[in-house]
$ cat final_12.cif   # mmCIF, C-alpha atoms and all ligand atoms
data_upload
loop_
_atom_site.label_atom_id
_atom_site.label_comp_id
_atom_site.auth_asym_id
_atom_site.auth_seq_id
_atom_site.Cartn_x
_atom_site.Cartn_y
_atom_site.Cartn_z
CA MET A 256 6.93 11.32 -6.51
CA SER A 257 9.08 14.37 -6.19
CA ILE A 258 8.54 14.68 -2.48
CA GLU A 259 10.26 18.09 -2.25
CA THR A 260 6.96 19.89 -1.62
CA ALA A 261 6.19 17.59 1.32
CA VAL A 262 9.56 17.60 3.07
CA LEU A 263 10.24 19.50 6.31
CA HIS A 264 12.10 22.80 5.91
CA GLU A 265 15.87 23.07 6.11
CA ASP A 266 17.48 20.27 8.05
CA LYS A 267 14.48 19.61 10.27
CA LYS A 268 13.81 15.97 10.99
CA LEU A 269 11.24 14.31 13.25
CA ALA A 270 11.96 11.09 15.10
CA ALA A 271 9.87 8.06 14.10
CA ALA A 272 7.99 8.32 17.43
CA GLU A 273 6.83 11.82 16.51
CA TYR A 274 4.72 10.36 13.69
CA LYS A 275 2.69 8.41 16.28
CA SER A 276 -0.71 10.00 16.85
CA ALA A 277 -2.38 10.21 20.26
CA VAL A 278 -4.64 7.29 19.24
CA LYS A 279 -3.28 3.96 20.50
CA PRO A 280 -3.66 0.99 18.12
CA ILE A 281 -6.34 -1.44 19.25
CA TRP A 282 -5.05 -4.34 17.13
CA CYS A 283 -4.60 -7.72 18.86
CA PRO A 284 -1.14 -8.02 20.45
CA GLY A 285 1.14 -9.61 17.85
CA CYS A 286 -0.90 -8.50 14.81
CA GLY A 287 1.38 -8.07 11.78
CA ASP A 288 -0.08 -4.61 11.18
CA PHE A 289 2.05 -3.32 14.10
CA GLY A 290 5.23 -4.12 12.17
CA VAL A 291 3.95 -2.25 9.12
CA LEU A 292 2.96 0.76 11.21
CA ALA A 293 6.40 0.92 12.88
CA SER A 294 8.06 0.72 9.47
CA PHE A 295 5.76 3.44 8.18
CA TYR A 296 6.78 5.80 11.03
CA ASN A 297 10.43 5.05 10.25
CA ALA A 298 9.96 5.70 6.54
CA LEU A 299 8.28 9.08 7.14
CA SER A 300 11.03 10.04 9.57
CA GLU A 301 13.88 8.98 7.28
CA LEU A 302 12.32 10.82 4.32
CA ARG A 303 11.75 13.88 6.60
CA ILE A 304 8.08 14.07 5.54
CA ASP A 305 6.14 17.02 6.94
CA PRO A 306 3.08 15.55 8.73
CA ALA A 307 1.08 18.54 7.53
CA ARG A 308 1.88 17.58 3.90
CA ALA A 309 1.02 13.87 4.14
CA VAL A 310 -2.30 12.04 3.89
CA VAL A 311 -3.02 8.42 4.75
CA ALA A 312 -6.29 7.02 3.40
CA SER A 313 -7.88 3.64 4.06
CA GLY A 314 -10.94 1.50 3.48
CA ILE A 315 -12.46 -0.85 6.08
CA GLY A 316 -10.83 -3.68 8.00
CA CYS A 317 -8.53 -4.04 11.00
CA SER A 318 -5.81 -2.62 8.74
CA GLY A 319 -8.18 0.19 7.77
CA ARG A 320 -7.69 1.71 11.23
CA PHE A 321 -4.10 2.57 10.28
CA PRO A 322 -4.57 6.30 9.44
CA ALA A 323 -5.82 7.05 12.96
CA PHE A 324 -2.46 5.98 14.39
CA VAL A 325 -0.37 8.28 12.19
CA GLU A 326 0.38 11.93 12.95
CA ALA A 327 -0.63 13.22 9.50
CA TYR A 328 -3.91 13.87 7.73
CA GLY A 329 -6.07 10.76 7.52
CA PHE A 330 -9.27 9.57 5.86
CA HIS A 331 -10.96 6.32 6.94
CA GLY A 332 -13.24 5.75 3.96
CA VAL A 333 -15.72 3.05 3.01
CA HIS A 334 -14.92 -0.60 2.25
CA GLY A 335 -12.96 -1.11 -0.98
CA ARG A 336 -12.89 2.53 -2.05
CA VAL A 337 -9.49 3.65 -0.86
CA LEU A 338 -8.02 3.99 -4.36
CA PRO A 339 -10.64 6.41 -5.75
CA LEU A 340 -10.35 8.32 -2.48
CA ALA A 341 -6.56 8.54 -2.63
CA THR A 342 -6.71 9.41 -6.34
CA GLY A 343 -9.03 12.33 -5.59
CA ILE A 344 -6.79 13.57 -2.77
CA LYS A 345 -3.68 13.43 -4.96
CA MET A 346 -5.30 15.06 -7.98
CA GLY A 347 -6.86 17.78 -5.81
CA ASN A 348 -3.51 18.59 -4.27
CA PRO A 349 -0.57 17.03 -6.14
CA ASP A 350 1.96 18.56 -3.71
CA LEU A 351 0.97 16.13 -0.96
CA VAL A 352 2.44 12.72 -0.20
CA VAL A 353 -0.55 10.37 -0.44
CA CYS A 354 -0.55 6.82 0.88
CA ALA A 355 -3.42 4.35 0.63
CA VAL A 356 -3.54 1.41 3.06
CA GLY A 357 -5.77 -1.58 3.72
CA GLY A 358 -6.21 -5.33 3.80
CA ASP A 359 -6.37 -8.06 1.18
CA GLY A 360 -10.18 -8.16 1.38
CA ASP A 361 -10.45 -4.41 0.94
CA ALA A 362 -7.94 -4.46 -1.94
CA PHE A 363 -8.72 -7.65 -3.84
CA SER A 364 -12.41 -8.42 -3.10
CA ILE A 365 -14.69 -5.41 -2.91
CA GLY A 366 -12.00 -2.96 -4.08
CA ALA A 367 -10.49 -5.10 -6.84
CA GLY A 368 -12.17 -3.15 -9.64
CA HIS A 369 -10.21 -0.02 -8.75
CA LEU A 370 -6.75 -1.53 -8.79
CA PRO A 371 -6.22 -1.83 -12.58
CA HIS A 372 -7.29 1.78 -13.09
CA ALA A 373 -5.08 3.28 -10.40
CA ALA A 374 -2.21 1.24 -11.85
CA ARG A 375 -2.76 2.04 -15.54
CA ARG A 376 -3.33 5.73 -14.76
CA ASN A 377 -0.12 5.70 -12.76
CA VAL A 378 -1.65 7.74 -9.96
CA ASP A 379 1.23 9.00 -7.81
CA ILE A 380 0.28 7.26 -4.58
CA THR A 381 1.79 4.47 -2.50
CA TYR A 382 -0.62 1.60 -1.90
CA ILE A 383 0.27 -0.62 1.06
CA VAL A 384 -1.77 -3.81 1.31
CA MET A 385 -1.42 -5.61 4.67
CA ASP A 386 -2.07 -9.14 3.47
CA ASN A 387 -3.07 -11.60 6.20
CA GLU A 388 -4.83 -13.92 3.74
CA ILE A 389 -8.09 -13.64 5.70
CA TYR A 390 -10.81 -11.16 6.69
CA GLY A 391 -9.67 -10.15 10.18
CA LEU A 392 -12.26 -7.56 11.19
CA THR A 393 -15.23 -9.78 10.35
CA LYS A 394 -13.70 -12.74 12.20
CA GLY A 395 -11.97 -15.01 9.77
CA GLN A 396 -13.70 -15.57 6.43
CA PRO A 397 -11.51 -16.61 3.45
CA SER A 398 -10.18 -13.74 1.35
CA PRO A 399 -8.97 -13.71 -2.29
CA THR A 400 -5.44 -14.54 -1.10
CA SER A 401 -6.41 -17.41 1.26
CA PRO A 402 -4.63 -20.57 0.17
CA LEU A 403 -6.58 -23.56 -1.14
CA GLY A 404 -7.60 -25.84 1.71
CA MET A 405 -7.44 -23.16 4.44
CA GLU A 406 -9.67 -24.59 7.16
CA ARG A 407 -11.30 -22.10 9.48
CA LYS A 408 -14.74 -21.75 11.04
CA ALA A 409 -16.11 -20.03 7.92
CA SER A 410 -14.49 -22.56 5.57
CA PRO A 411 -14.97 -25.86 7.47
CA TYR A 412 -14.11 -28.04 4.43
CA GLY A 413 -11.08 -25.91 3.56
CA SER A 414 -11.07 -22.98 1.13
CA ILE A 415 -12.13 -24.25 -2.32
CA GLU A 416 -11.35 -21.04 -4.24
CA SER A 417 -7.99 -20.59 -5.96
CA PRO A 418 -6.07 -17.63 -4.52
CA ILE A 419 -5.02 -14.69 -6.64
CA ASN A 420 -1.38 -13.63 -6.94
CA PRO A 421 -1.30 -9.88 -6.15
CA ILE A 422 2.20 -9.35 -7.54
CA LEU A 423 1.39 -11.04 -10.84
CA MET A 424 -1.87 -9.16 -11.02
CA THR A 425 -0.36 -5.70 -10.51
CA LEU A 426 2.46 -6.48 -12.96
CA ALA A 427 -0.23 -7.34 -15.52
CA TYR A 428 -2.01 -4.06 -14.73
CA ASP A 429 1.23 -2.22 -15.55
CA ALA A 430 1.79 -0.78 -12.07
CA SER A 431 5.05 1.15 -12.30
CA PHE A 432 6.38 -0.07 -8.93
CA VAL A 433 5.62 -3.52 -7.52
CA ALA A 434 7.13 -4.85 -4.30
CA ARG A 435 6.54 -7.35 -1.51
CA GLY A 436 7.57 -7.37 2.15
CA PHE A 437 6.91 -9.26 5.39
CA SER A 438 5.91 -7.41 8.57
CA SER A 439 8.49 -9.38 10.58
CA ARG A 440 11.26 -7.77 8.50
CA PRO A 441 10.70 -4.11 9.46
CA LYS A 442 13.99 -2.76 8.06
CA GLU A 443 13.17 -4.17 4.63
CA VAL A 444 9.58 -2.94 4.87
CA THR A 445 10.81 0.56 5.81
CA GLU A 446 13.06 0.53 2.74
CA LEU A 447 10.20 -0.60 0.48
CA ILE A 448 7.88 2.11 1.82
CA LYS A 449 10.59 4.75 1.32
CA GLN A 450 11.12 3.58 -2.25
CA GLY A 451 7.35 3.51 -2.84
CA ILE A 452 6.88 7.06 -1.56
CA THR A 453 9.79 8.45 -3.59
CA HIS A 454 8.70 6.61 -6.75
CA LYS A 455 6.84 9.02 -9.04
CA GLY A 456 3.76 6.98 -9.93
CA PHE A 457 1.64 4.13 -8.60
CA ALA A 458 3.63 2.10 -6.07
CA PHE A 459 2.04 -1.16 -5.00
CA ILE A 460 3.47 -2.88 -1.90
CA GLN A 461 2.03 -6.18 -0.67
CA ILE A 462 3.14 -6.85 2.91
CA TYR A 463 2.47 -10.21 4.54
CA SER A 464 1.04 -9.18 7.92
CA PRO A 465 -0.23 -12.23 9.82
CA CYS A 466 -3.49 -12.22 11.76
CA VAL A 467 -2.55 -13.91 15.04
CA THR A 468 -6.18 -14.28 16.08
CA PHE A 469 -7.76 -15.92 13.04
CA TYR A 470 -4.88 -17.22 10.91
CA ASP A 471 -1.41 -17.19 12.42
CA THR A 472 0.96 -17.54 9.47
CA TYR A 473 4.18 -16.19 11.02
CA LYS A 474 5.96 -19.57 10.96
CA HIS A 475 4.74 -20.29 7.43
CA PHE A 476 6.00 -16.99 6.03
CA ARG A 477 9.33 -17.31 7.84
CA GLU A 478 9.79 -20.62 6.06
CA VAL A 479 8.56 -19.80 2.56
CA THR A 480 9.77 -16.23 2.00
CA ALA A 481 13.18 -15.39 0.57
CA PRO A 482 14.86 -12.25 -0.76
CA LEU A 483 14.66 -11.74 -4.52
CA PRO A 484 17.82 -13.02 -6.23
CA ALA A 485 20.60 -10.42 -5.92
CA ASN A 486 20.99 -10.31 -9.71
CA HIS A 487 17.30 -9.56 -10.36
CA ASP A 488 16.94 -6.53 -12.64
CA PRO A 489 13.75 -4.70 -11.53
CA THR A 490 13.37 -3.11 -14.97
CA ASP A 491 12.95 -6.57 -16.52
CA LYS A 492 9.22 -7.25 -16.42
CA LEU A 493 9.36 -10.79 -17.75
CA ALA A 494 11.90 -11.70 -15.07
CA ALA A 495 9.62 -10.09 -12.49
CA ILE A 496 6.69 -12.17 -13.76
CA ARG A 497 8.72 -15.38 -13.60
CA LEU A 498 9.80 -14.61 -10.02
CA ALA A 499 6.24 -13.73 -9.02
CA MET A 500 5.15 -17.16 -10.29
CA SER A 501 7.88 -19.08 -8.48
CA GLU A 502 6.66 -22.14 -6.63
CA GLU A 503 9.95 -22.47 -4.72
CA SER A 504 9.79 -19.26 -2.67
CA LEU A 505 7.61 -16.27 -2.02
CA TYR A 506 10.12 -13.59 -2.92
CA LEU A 507 10.49 -10.32 -1.02
CA GLY A 508 11.82 -7.06 -2.46
CA VAL A 509 11.23 -4.82 -5.48
CA PHE A 510 9.99 -6.98 -8.37
CA TYR A 511 9.52 -4.16 -10.84
CA LYS A 512 10.13 -0.45 -11.24
CA LYS A 513 9.63 1.70 -14.31
CA GLU A 514 9.61 5.46 -14.81
CA ARG A 515 6.66 6.79 -16.77
CA PRO A 516 4.60 10.01 -16.41
CA ALA A 517 2.21 10.04 -13.48
CA LEU A 518 -1.42 11.11 -13.84
CA ASP A 519 -0.93 14.49 -12.14
CA GLU A 520 2.04 15.28 -14.42
CA LEU A 521 0.03 14.43 -17.52
CA VAL A 522 -2.96 16.49 -16.40
CA THR A 523 -0.72 19.46 -15.52
CA SER A 524 1.01 19.37 -18.90
CA LYS A 525 -2.31 19.10 -20.78
CA ARG A 526 -3.64 22.04 -18.77
CA GLN A 527 -0.53 24.08 -19.56
CA ILE A 528 -0.89 23.35 -23.29
CA ALA A 529 -4.56 24.36 -23.10
CA GLY A 530 -3.66 27.52 -21.09
CA ASP A 531 -5.90 26.36 -18.23
CA SER A 532 -4.49 27.31 -14.85
CA PHE A 533 -5.35 25.12 -11.87
CA SER A 534 -5.48 25.85 -8.19
CA LEU A 535 -7.03 23.98 -5.30
CA GLU A 536 -8.82 27.18 -4.30
CA LYS A 537 -10.38 27.47 -7.77
CA LEU A 538 -11.52 23.84 -7.59
CA VAL A 539 -13.13 24.31 -4.17
CA ASN A 540 -14.82 27.54 -5.29
CA SER A 541 -16.24 25.81 -8.36
CA TYR A 542 -18.23 23.54 -6.01
CA ARG A 543 -19.42 26.53 -3.97
CA SER A 544 -20.98 28.39 -6.90
C1 LIG B 601 -19.90 -2.71 1.76
C2 LIG B 601 -19.36 -3.56 2.88
N1 LIG B 601 -19.37 -4.90 2.73
C3 LIG B 601 -18.87 -5.68 3.72
C4 LIG B 601 -18.39 -5.13 4.86
C5 LIG B 601 -17.86 -6.04 5.98
N2 LIG B 601 -16.43 -6.04 6.05
C6 LIG B 601 -15.77 -5.17 6.83
S1 LIG B 601 -14.11 -5.35 6.79
C7 LIG B 601 -14.27 -6.68 5.73
C8 LIG B 601 -13.05 -7.42 5.23
C9 LIG B 601 -11.86 -7.23 6.09
O1 LIG B 601 -10.77 -7.95 5.59
P1 LIG B 601 -9.47 -7.25 5.04
O2 LIG B 601 -9.79 -6.19 4.06
O3 LIG B 601 -8.57 -8.32 4.55
O4 LIG B 601 -8.87 -6.48 6.30
P2 LIG B 601 -8.35 -7.01 7.71
O5 LIG B 601 -9.50 -6.84 8.66
O6 LIG B 601 -7.95 -8.43 7.56
O7 LIG B 601 -7.22 -6.10 8.01
C10 LIG B 601 -15.59 -6.92 5.40
C11 LIG B 601 -16.05 -8.00 4.52
C12 LIG B 601 -18.40 -3.72 4.98
N3 LIG B 601 -17.91 -3.09 6.04
N4 LIG B 601 -18.90 -2.97 3.97
S1 LIG B 602 -8.19 -9.79 14.20
FE1 LIG B 602 -6.29 -10.30 13.13
S2 LIG B 602 -5.97 -8.62 11.65
FE2 LIG B 602 -7.46 -7.93 13.21
S3 LIG B 602 -6.21 -6.86 14.78
FE3 LIG B 602 -6.49 -8.99 15.43
S4 LIG B 602 -4.65 -10.04 14.65
FE4 LIG B 602 -4.83 -8.12 13.52
#

$ encode --input "final_12.cif" --output "structure tokens"
Amino acid sequence: MSIETAVLHEDKKLAAAEYKSAVKPIWCPGCGDFGVLASFYNALSELRIDPARAVVASGIGCSGRFPAFVEAYGFHGVHGRVLPLATGIKMGNPDLVVCAVGGDGDAFSIGAGHLPHAARRNVDITYIVMDNEIYGLTKGQPSPTSPLGMERKASPYGSIESPINPILMTLAYDASFVARGFSSRPKEVTELIKQGITHKGFAFIQIYSPCVTFYDTYKHFREVTAPLPANHDPTDKLAAIRLAMSEESLYLGVFYKKERPALDELVTSKRQIAGDSFSLEKLVNSYRS
């Protein structure tokens, strides 16, 4: 997005700590979501985002508590509906920086039907999925990204359902920015979030964020993740697909990035052609009458 309308005036900059709200996270000590939250504060600080011009929306889950911990506007919505919510916020006020956050259950189970549409419409939001490969809040049921054979209390014989590949899926949906990070690599995650926020269009970022209480995968992800090859060209979609399918490593970095008009730009240009002026005030008043 052009974030000009959401940046602090002149040379003003807030420290990362100033994006912390007064609400203290109640996540279990060691939860991967902490790493994502710290990176998020850093990204907002480095981009000099005005907290009064930023909105963080979420669905339900441990990760869904995220907006409460950020000094910005927040909306903790219902399970699986963060993308329609964030789309409405962005289209109602395109000048805002809008981020959607949540877990793999929220994103790929109950909310999965919304993902292709947000991607194909190229809604100018950044969608951060904290993927712990399990339902944390409801105490450890398998999620769509749980690996085959994952044995927990709710899957005593091991998970028997093939996991989805979120990167492959969003590439197929034509998301215009597709990236993956790991919560234990906060500098990289900060960089990905910054790139997602400044990308004009739908930015999808999957971040491995282990659930220490129900499925501690820190060691596993340290072993199996690797940076994308240095010569990867993120405009090459077929290369991105091949890397997303790799069985050698789970690659981290920007798989794909393409510039194409975002939904708010298309709507604005259609309105201009039709001579239809838009303002948030007019929209709100239309519901009052
Ligand atoms: C309509 C509806 N169905 C089911 C639930 C129960 N529920 C709450 S959170 C959740 C899944 C949480 O997993 P995930 O989205 O991966 O987030 P995490 O807690 O792991 O961060 C479920 C099934 C609900 N709140 N609402
Ligand atoms: S249950 Fe898991 S996902 Fe939820 S706060 Fe605890 S460690 Fe994090």

$ atom_distance --input "final_12.cif" --atom1 "CA of Ser313 in chain A" --atom2 "CA of Gly332 in chain A"
5.8 Å

$ closest_residue --input "final_12.cif" --among "A:Pro418, A:Gly451, A:Gly319, A:Gly404" --to "Ser364 in chain A" --atoms "only C-alpha atoms"
A:Pro418

$ axis_aligned_box --input "final_12.cif" --around "ligand LIG 601 (chain B)" --padding-each-side "6 Å" --output "lines of an AutoDock Vina configuration file"
center_x = -13.6
center_y = -5.6
center_z = 5.2
size_x = 24.7
size_y = 17.7
size_z = 18.9

$ residues_near_ligand --input "final_12.cif" --ligand "ligand LIG 601 (chain B)" --cutoff "8 Å" --atoms "all atoms listed in the file" --output "MDAnalysis selection string"
chainID A and resid 288 314:319 333:335 357:362 364:365 385:393 398 466

$ residues_around --input "final_12.cif" --residues "Thr472 in chain A" --least-positions-apart "3" --cutoff "12 Å" --atoms "all atoms listed in the file" --output "VMD selection string"
chain A and resid 285 to 287 386 to 389 401 to 402 405 437 to 439 463 to 469 475 to 480

$ atom_distance --input "final_12.cif" --atom1 "CA of His331 in chain A" --atom2 "CA of Val509 in chain A"
27.8 Å

$ closest_residue --input "final_12.cif" --among "A:Ala293, A:Cys283, A:Val356, A:Leu426" --to "Ala270 in chain A" --atoms "all atoms listed in the file"
A:Ala293

$ closest_residue --input "final_12.cif" --among "A:Ile281, A:Leu299, A:Ile452, A:Val378" --to "ligand LIG 602 (chain B)" --atoms "all atoms listed in the file"
A:Ile281

$ closest_residue --input "final_12.cif" --among "A:Ser504, A:Thr260, A:Ser294, A:Ser300" --to "Leu483 in chain A" --atoms "only C-alpha atoms"
A:Ser504

$ residues_around --input "final_12.cif" --residues "Leu370 in chain A" --least-positions-apart "5" --cutoff "9 Å" --atoms "all atoms listed in the file" --output "MDAnalysis selection string"
chainID A and resid 338 362:363 375 425 428

$ atom_distance --input "final_12.cif" --atom1 "CA of Ala481 in chain A" --atom2 "atom S3 of ligand LIG 602 (chain B)"
25.5 Å

$ closest_atom_pairs --input "final_12.cif" --of "range 378-475 of chain A" --to "range 514-536 of chain A" --cutoff "7 Å" --atoms "all atoms listed in the file" --output "Markdown table"
| residue | atom | partner | partner_atom | distance |
| --- | --- | --- | --- | --- |
| A:Val378 | CA | A:Leu518 | CA | 5.1 |
| A:Asp379 | CA | A:Ala517 | CA | 5.8 |
| A:Ser431 | CA | A:Glu514 | CA | 6.8 |
| A:Lys455 | CA | A:Ala517 | CA | 6.5 |
| A:Gly456 | CA | A:Ala517 | CA | 4.9 |
